[in-house]
Each structure stands twice: as C-alpha cells, then as structure tokens.
Amino acid sequence: MSGPGSGGVFVHGHALCESETIGAGTRIWAFAHVMKGAVVGRDCNIGDHAFIETGARIGDRVTIKNQAMLWDGVEIGDDVFVGPGVCFTNDRHPRSPRLPLPAVARRYREPQRWLAPTRVERGASLGAGCVILAGVTIGAYAMIAAGAVVTGNIPAHALAAGAPARQRGWVCRCGARLRRAAGTAWRCRECGESFDERTEGECTSLERSC
Amino acid sequence: MSGPGSGGVFVHGHALCESETIGAGTRIWAFAHVMKGAVVGRDCNIGDHAFIETGARIGDRVTIKNQAMLWDGVEIGDDVFVGPGVCFTNDRHPRSPRLPLPAVARRYREPQRWLAPTRVERGASLGAGCVILAGVTIGAYAMIAAGAVVTGNIPAHALAAGAPARQRGWVCRCGARLRRAAGTAWRCRECGESFDERTEGECTSLERSC
Amino acid sequence: MSGPGSGGVFVHGHALCESETIGAGTRIWAFAHVMKGAVVGRDCNIGDHAFIETGARIGDRVTIKNQAMLWDGVEIGDDVFVGPGVCFTNDRHPRSPRLPLPAVARRYREPQRWLAPTRVERGASLGAGCVILAGVTIGAYAMIAAGAVVTGNIPAHALAAGAPARQRGWVCRCGARLRRAAGTAWRCRECGESFDERTEGECTSLERSC
C-alpha cells in the first residue's frame, strides 16, 4: 500500500504521491495528491482529498486535514495544524493565464511576477475552511478560527477570527486561550505557561516568560 | 459497481465505501469516502469527494452534496440537506496531535478531552460552503445560508446567515421564508402551513400550529 | 492517459471524464470529474478534485482550479479564472429532495421550479474559496476577492470582497486595480488602458475608452 517516497511512508492505495522527498512516518490518505517536488517532513498526516503542489514545503509532525490545498510558495513549519478545507493562495490578482492580453501573458511568464510566498510558523493552527491570502505570515502558535479569511500577517500566539481576520486574544502553545494575569503578563490555565506582552509601535507580540 | 454494505446500496466504481452500516437505496458517488463504522441511513445521496468519518451518524433521505466533510461526533437527522463543501469540525482548539508538549499529548489521548459533538436536526438545510463549529446544534428545518460560519446553536425553523451566523427570519418545513400573519403567527405562502412564535427569556422558537 | 472526449484533450489517469463535448487542448487533472453532457471549451485547465456537472457550460481558455464545483445552470465565459474551492450553487432554498412533504416533492419535480442559472462573463476572476449564490451574474473582467460570498450581481470590472460581497474598486482587464485619473476617468498603471465610469440611476459601470 506504499508508493514512491516510501521508507516508512504510508501512501493509501487510492492516493497519488509523486514526491520523493517525504519524511519517514508520514501518512497520505485516500484521494490525496502530493506532487513531484513537494517537500514533506517526518510524521505528518495528510488527509483525504488534500493537494500539495510542487514547490510547497511542509515541516515535521504537521497535520494537513482533508481537502486542504497547499501551493507552490507555501511553507509550513513544524507541528502546524492545517484544518479541513483550508485554502491557501499564491497569486493576489489572478487571471486565467491564457487570457489573450500582453500584460497577462507577461505576468505569467515568470513566477516572480505573480507568486507571493506564504509562511505558517511552528505550532500554529488554521481552523476549518480558512482562506489564506498570498503573501502573509502566520506566526508561531497562532490560532486562526474556522471560516476566517486571513488578509494580513498574524502575530505569534494570536487568536484571529473573521473575514478579514482580526486578533481577538492570545493562545498558549497548547492551544488554550490565555488569561491576563496582571499588566502585560498572560497565563495559561491549562498548562501553566506564562507570557509577556510587548508593544513596539502598533505591533504587539507575546513572548514566553518561563 | 456496488461495494461493501451493498443490498440496495449503490457505490460508484471510483468511490471508497468501507462502512457496512449503510441503508438500502443509498447512493455514494465518485471519489467519495465513507469510512468503516460510519452509519448512513436509507435513501441517502452522497456526492463526489464527500468524506464521512468513522463515528459520524446520518439519518434517512439525507442529501450530502459534493465535498462535504462529516467527522466523528457529527450526527445528522433524517431529511437533512448538507450543501456542497460544507465543513463540520469536532475540535474547538485544534493543535497538531503530535506537537511535542505534554498538554497537547494529554488532550489527544482520549476523545472526551477534545471531541465536541455536533447535531443537525430533521429537515434542516446547510447552504454551500458553510463551516459548522464543533459543539453546536442546528434545529429542525433551520436553513443556514451559503457561506455562513455557524458558531452557536440555531433554533428550529430559523434562517441564519453570515459569519458568525445570525438569525434573519424563519423558514417553513418546505424551505420557503415565512411571513408574519399577525402578532406571533407566521404563515407559509407556498404550502399554507402556520406557525406560532414563542419566547422564553432570550430564546424565541417556532411551533407548527396546524 | 487520455479518456473519452479526446482529440487533443488530456485526461489524467486518475480523473473521470464522461463528457464528449470538450475542446482541444483542454487538460483535466487527477480526481476531477467532468460529467456527461458538460460542455467545456478549448485550452481549458481543470484542476484536481474539480467537479463539472451535466448542464454546466464553460468557454475557452478557462482556468478551473482544484476543488471548484460547477453545477447545472452555471455558465462560464471565455478566459475566466475560477479559483480553488470556489463553490457555485443553483438552488436558493435547498431541501433534501426526498423530504416527504408535497411542497418539496413538487419543487424538485421540474428544474424550472428550483434551478436558478448563474453566469460569469468573459475574463472575470473568482478568488479562492468564494461562494456564488444561485441566480447572479458576474460581469466581464470583474474580480471577486478570496473568501467572498457573492449574493447579488457584480458589474463588469468591479473588484468585490466580503460576505456579502460589496464593490471596493475597479480592476483592469489585466487584473490590476484601476486608479482614478480625473472625474469619471480611470486608468491602469500596468497596461495603460483607460476607462470611463458611467452612472445610470443607482448603477455604475465602466467602459473601456481606448
């Protein structure tokens, strides 16, 4: 039941795996398609009907739920959760590439004219059905609520929701919502971790303090 | 053309049906996957690329359109319409289960720590591309507009739309929008049914009056 | 690797193409399903897991990205871009067709009682994950932002975003956003095309002036 890229890789008999750069322990389920040249780390789980295009790069222990679509230019850090039906993009102003207009032909001649790379950092979670606009970075351990449309960068540990996605709070590495302890200190009731809020200009970020 | 669970079950030659608990008259179309242990009633129609996970339970005469995803913990009553691309969820704070953190390992050790069940009651309709957050109940004959993100319970016969989904009116069992007849009385112009609105506290519900 | 409808049509070995009315140069990728009677023009590109139903009509040089779903009653002009996961609909008030109620049985007896046709005109782009309500027309060269829910008609050249989708500006044929030159004149900095805004009643449209 295991196809190209094996060596501890499980490829379901109804999946299509053309990549040879897949880490040991990774499982690829029915009707999923991992294209040639896609890089997938160790111990990942890639659900049914998912699509990983040539040029996408995925870390270790990543969960890619069913129907998620990852394109060329998408980079996923270790331990990320990509929910079901999450749709990445890599073009901010798409046109059908064969549209007979010189400006369109010129644009699609070279990737650097249209391809905007997207990064999801270590441990982040993207809820079901999110749409991620090309060119954004989603910080480590951020959590994007189901159904959100992410149009800009999301700070590490942020909880973001809505369309366009806006920050609604902070989450712990474990995924639980953080409560304000005092002043700029935040604490997780689930696992006891503490964090400090730090503001520079209009940008507020969170750092683990223990 | 009919696989496991046959006895009047039609399974398309490109579908994958591993369940043996599927009612007679049910049809499962190309590239759909019904997992072992999923329970599907009689005379259902399951569209292309749909995914029904072990632990999902589906009533009779249910329409599951293409690409809908139903997980463990999702229960669908009789006569429900699940639109194309409808995405259920069963975890309110997902993390990649192999994320190396004790709190995450603990959480995913037992389903009761993370799995929030969702219920859709008899005759309801979920419009195309809806996202349904884990743990909600959608009442009988409710209608969720296309593209909505359902984050809380929806009363029976409610028309709900938006992200997050809010009630915008009432619908009849037949799907038509109800018009206020007088006071708390509502009537369907399509099929003539009458209903009474009833408010208890902050909660308003509708009951058939004939 | 090429199935029914060949004659310059490429059908991936994992795709399912039952239509015999597909133009030369069109490519259909893995796990996509084009049903019998669907009409697809020349030089189209139909991505993985896409679904084209009997009765859908698609022009020439159209890009249909992965997982897009096009139903009976959907008509797509030449050079249109249909983004990944775009979900059309063709029924404004869906119920499960076998719901045992005379009004529902009556409704689904004949298509004209429930099927609302949708049209996307030449050169338009539908961003990733859009949901298009049945019965709308999306004008030529319009651009629908990713994640939008289109509930009404969209004028030609309009940039529309949000749920429900509202116009936010104008775009050129090439996809670039137009800048106001002076008064009712708009100009594209990418390809130099000029346009004139024209308002009749509440309806504003754009016309190419050179």
# chains A, B, ... in the order shown; residues from 1 in each chain; ligands from 1
>>> residues_around(residues="Gly23 (chain A)", least_positions_apart="5", cutoff="8 Å", atoms="only C-alpha atoms", output="mmCIF file with N, CA and C atoms, in the first residue's frame")
data_model
loop_
_atom_site.group_PDB
_atom_site.id
_atom_site.type_symbol
_atom_site.label_atom_id
_atom_site.label_comp_id
_atom_site.auth_asym_id
_atom_site.auth_seq_id
_atom_site.Cartn_x
_atom_site.Cartn_y
_atom_site.Cartn_z
ATOM 1 N N GLY A 8 9.129 3.907 5.184
ATOM 2 C CA GLY A 8 8.362 4.363 6.323
ATOM 3 C C GLY A 8 7.272 5.346 5.976
ATOM 4 N N VAL A 9 7.062 5.610 4.705
ATOM 5 C CA VAL A 9 5.946 6.477 4.315
ATOM 6 C C VAL A 9 4.759 5.589 3.956
ATOM 7 N N VAL A 40 7.830 17.205 2.148
ATOM 8 C CA VAL A 40 7.015 16.931 3.336
ATOM 9 C C VAL A 40 7.915 16.276 4.383
ATOM 10 N N GLY A 41 7.836 16.753 5.633
ATOM 11 C CA GLY A 41 8.701 16.252 6.696
ATOM 12 C C GLY A 41 8.283 14.891 7.241
ATOM 13 N N ARG A 42 8.789 14.594 8.434
ATOM 14 C CA ARG A 42 8.529 13.316 9.094
ATOM 15 C C ARG A 42 7.226 13.361 9.877
ATOM 16 N N ASP A 43 6.620 12.182 10.011
ATOM 17 C CA ASP A 43 5.475 12.013 10.907
ATOM 18 C C ASP A 43 4.337 12.988 10.640
ATOM 19 N N CYS A 44 4.136 13.328 9.388
ATOM 20 C CA CYS A 44 2.990 14.159 9.022
ATOM 21 C C CYS A 44 1.785 13.271 8.722
ATOM 22 N N ASP A 60 7.924 18.944 10.008
ATOM 23 C CA ASP A 60 7.681 17.658 10.657
ATOM 24 C C ASP A 60 6.420 17.713 11.533
#
>>> residues_around(residues="region 75-91 of chain B", least_positions_apart="3", cutoff="8 Å", atoms="only C-alpha atoms", output="number ranges by chain")
A: 84-85, 128-129; B: 56-72, 94, 114-135; C: 87, 94-96, 98-99
>>> closest_residue(among="C:Cys191, C:Ile52, C:Val171, C:Trp186", to="Ala105 (chain A)", atoms="only C-alpha atoms")
C:Cys191
>>> residues_around(residues="region 146-159 of chain C", least_positions_apart="2", cutoff="7 Å", atoms="only C-alpha atoms", output="JSON, numbers by chain")
{"A": [131, 149], "B": [147], "C": [127, 128, 129, 130, 131, 132, 133, 136, 137, 138, 139, 140, 141, 142, 143, 144, 161, 162, 163, 164, 165, 167, 168, 169, 170, 171, 172, 205, 206]}
>>> write_last_selection(atoms="N, CA and C atoms", output="compact mmCIF listing (two decimals), in the first residue's frame")
# COMPACT_ATOMS: atom_id res chain seq x y z
N VAL A 131 -9.39 30.71 4.51
CA VAL A 131 -8.76 31.09 3.26
C VAL A 131 -7.59 32.00 3.61
N VAL A 149 -10.87 34.58 6.96
CA VAL A 149 -10.17 34.92 5.73
C VAL A 149 -8.98 35.79 6.15
N GLY B 147 -22.24 29.96 2.74
CA GLY B 147 -21.07 30.72 3.19
C GLY B 147 -21.09 31.11 4.64
N GLY C 127 -11.95 34.58 -6.76
CA GLY C 127 -10.87 34.23 -5.84
C GLY C 127 -11.15 32.92 -5.09
N ALA C 128 -10.11 32.43 -4.45
CA ALA C 128 -10.16 31.16 -3.73
C ALA C 128 -11.28 31.13 -2.71
N GLY C 129 -11.99 30.01 -2.67
CA GLY C 129 -12.97 29.78 -1.62
C GLY C 129 -14.22 30.63 -1.70
N CYS C 130 -14.45 31.33 -2.80
CA CYS C 130 -15.69 32.10 -2.95
C CYS C 130 -16.90 31.17 -3.00
N VAL C 131 -18.02 31.69 -2.53
CA VAL C 131 -19.30 31.02 -2.68
C VAL C 131 -20.19 31.92 -3.52
N ILE C 132 -20.78 31.38 -4.57
CA ILE C 132 -21.57 32.19 -5.51
C ILE C 132 -23.03 31.75 -5.40
N LEU C 133 -23.88 32.66 -4.94
CA LEU C 133 -25.28 32.28 -4.82
C LEU C 133 -25.95 32.12 -6.17
N VAL C 136 -27.05 34.77 -9.83
CA VAL C 136 -26.35 36.03 -10.04
C VAL C 136 -25.60 36.04 -11.37
N THR C 137 -25.25 37.26 -11.79
CA THR C 137 -24.36 37.44 -12.94
C THR C 137 -23.14 38.22 -12.48
N ILE C 138 -21.98 37.72 -12.82
CA ILE C 138 -20.72 38.39 -12.51
C ILE C 138 -20.18 38.92 -13.82
N GLY C 139 -20.01 40.24 -13.87
CA GLY C 139 -19.69 40.90 -15.13
C GLY C 139 -18.28 40.62 -15.62
N ALA C 140 -18.05 40.97 -16.89
CA ALA C 140 -16.77 40.73 -17.55
C ALA C 140 -15.62 41.39 -16.79
N TYR C 141 -14.53 40.68 -16.64
CA TYR C 141 -13.30 41.18 -16.02
C TYR C 141 -13.47 41.61 -14.56
N ALA C 142 -14.60 41.29 -13.95
CA ALA C 142 -14.74 41.55 -12.51
C ALA C 142 -13.75 40.69 -11.76
N MET C 143 -13.40 41.12 -10.54
CA MET C 143 -12.53 40.30 -9.70
C MET C 143 -13.18 40.15 -8.32
N ILE C 144 -13.43 38.90 -7.95
CA ILE C 144 -14.05 38.61 -6.65
C ILE C 144 -12.93 38.17 -5.71
N ALA C 161 -15.50 42.27 -2.59
CA ALA C 161 -14.95 41.46 -1.50
C ALA C 161 -15.95 41.40 -0.37
N GLY C 162 -15.77 40.42 0.50
CA GLY C 162 -16.57 40.33 1.72
C GLY C 162 -17.76 39.40 1.60
N ALA C 163 -18.49 39.31 2.72
CA ALA C 163 -19.65 38.43 2.79
C ALA C 163 -20.77 39.20 3.48
N PRO C 164 -21.78 39.67 2.74
CA PRO C 164 -21.93 39.54 1.30
C PRO C 164 -20.95 40.44 0.56
N ALA C 165 -20.59 40.05 -0.65
CA ALA C 165 -19.59 40.79 -1.43
C ALA C 165 -20.09 42.18 -1.80
N GLN C 167 -18.75 46.02 -3.68
CA GLN C 167 -17.71 46.57 -4.56
C GLN C 167 -16.74 47.44 -3.78
N ARG C 168 -15.45 47.26 -4.05
CA ARG C 168 -14.42 48.04 -3.36
C ARG C 168 -13.57 48.86 -4.32
N GLY C 169 -13.79 48.69 -5.62
CA GLY C 169 -12.99 49.43 -6.59
C GLY C 169 -13.23 48.85 -7.97
N TRP C 170 -12.32 49.20 -8.87
CA TRP C 170 -12.40 48.71 -10.25
C TRP C 170 -11.09 48.04 -10.62
N VAL C 171 -11.15 47.06 -11.49
CA VAL C 171 -9.93 46.42 -11.98
C VAL C 171 -9.90 46.43 -13.51
N CYS C 172 -8.70 46.41 -14.00
CA CYS C 172 -8.45 46.39 -15.45
C CYS C 172 -8.67 44.97 -15.99
N SER C 205 -21.26 51.68 -14.04
CA SER C 205 -20.49 50.70 -14.81
C SER C 205 -19.26 51.38 -15.43
N LEU C 206 -18.41 50.57 -15.99
CA LEU C 206 -17.13 51.04 -16.51
C LEU C 206 -17.03 50.62 -17.98
>>> select_by_dssp(residues="region 81-179 of chain A", states="strand (DSSP E or B)", output="PyMOL selection string")
chain A and resi 81-82+87-88+91+115+118-120+125-126+131-132+137-138+143-144+149-150+154+158-161+166-171+177+179
>>> select_by_dssp(residues="region 25-142 of chain A", states="alpha helix (DSSP H)", output="list in words")
Pro102, Ala103, Val104, Ala105, Arg106 and Arg107 of chain A
>>> write_last_selection(atoms="N, CA and C atoms", output="compact mmCIF listing (two decimals), in the first residue's frame")
# COMPACT_ATOMS: atom_id res chain seq x y z
N PRO A 102 -1.45 41.11 -23.64
CA PRO A 102 0.00 41.10 -23.40
C PRO A 102 0.37 41.20 -21.92
N ALA A 103 -0.34 42.05 -21.15
CA ALA A 103 0.02 42.24 -19.73
C ALA A 103 -0.18 40.94 -18.94
N VAL A 104 -1.15 40.15 -19.32
CA VAL A 104 -1.39 38.88 -18.62
C VAL A 104 -0.34 37.85 -19.03
N ALA A 105 -0.06 37.78 -20.30
CA ALA A 105 0.97 36.84 -20.78
C ALA A 105 2.31 37.13 -20.12
N ARG A 106 2.65 38.43 -20.02
CA ARG A 106 3.91 38.85 -19.40
C ARG A 106 3.95 38.43 -17.93
N ARG A 107 2.86 38.65 -17.24
CA ARG A 107 2.78 38.34 -15.80
C ARG A 107 3.04 36.86 -15.51
>>> residues_around(residues="Glu207 (chain C)", least_positions_apart="2", cutoff="7 Å", atoms="only C-alpha atoms", output="PyMOL selection string")
chain C and resi 195-197+205+209
>>> atom_distance(atom1="CA of Gly192 (chain C)", atom2="CA of Ala160 (chain C)")
22.0 Å
>>> atom_distance(atom1="CA of His49 (chain B)", atom2="CA of Ala15 (chain B)")
8.3 Å
>>> atom_distance(atom1="CA of Ala176 (chain B)", atom2="CA of Cys203 (chain B)")
22.3 Å
>>> closest_residue(among="A:His12, A:Arg177, A:Arg166, A:His33", to="chain C", atoms="only C-alpha atoms")
A:His33
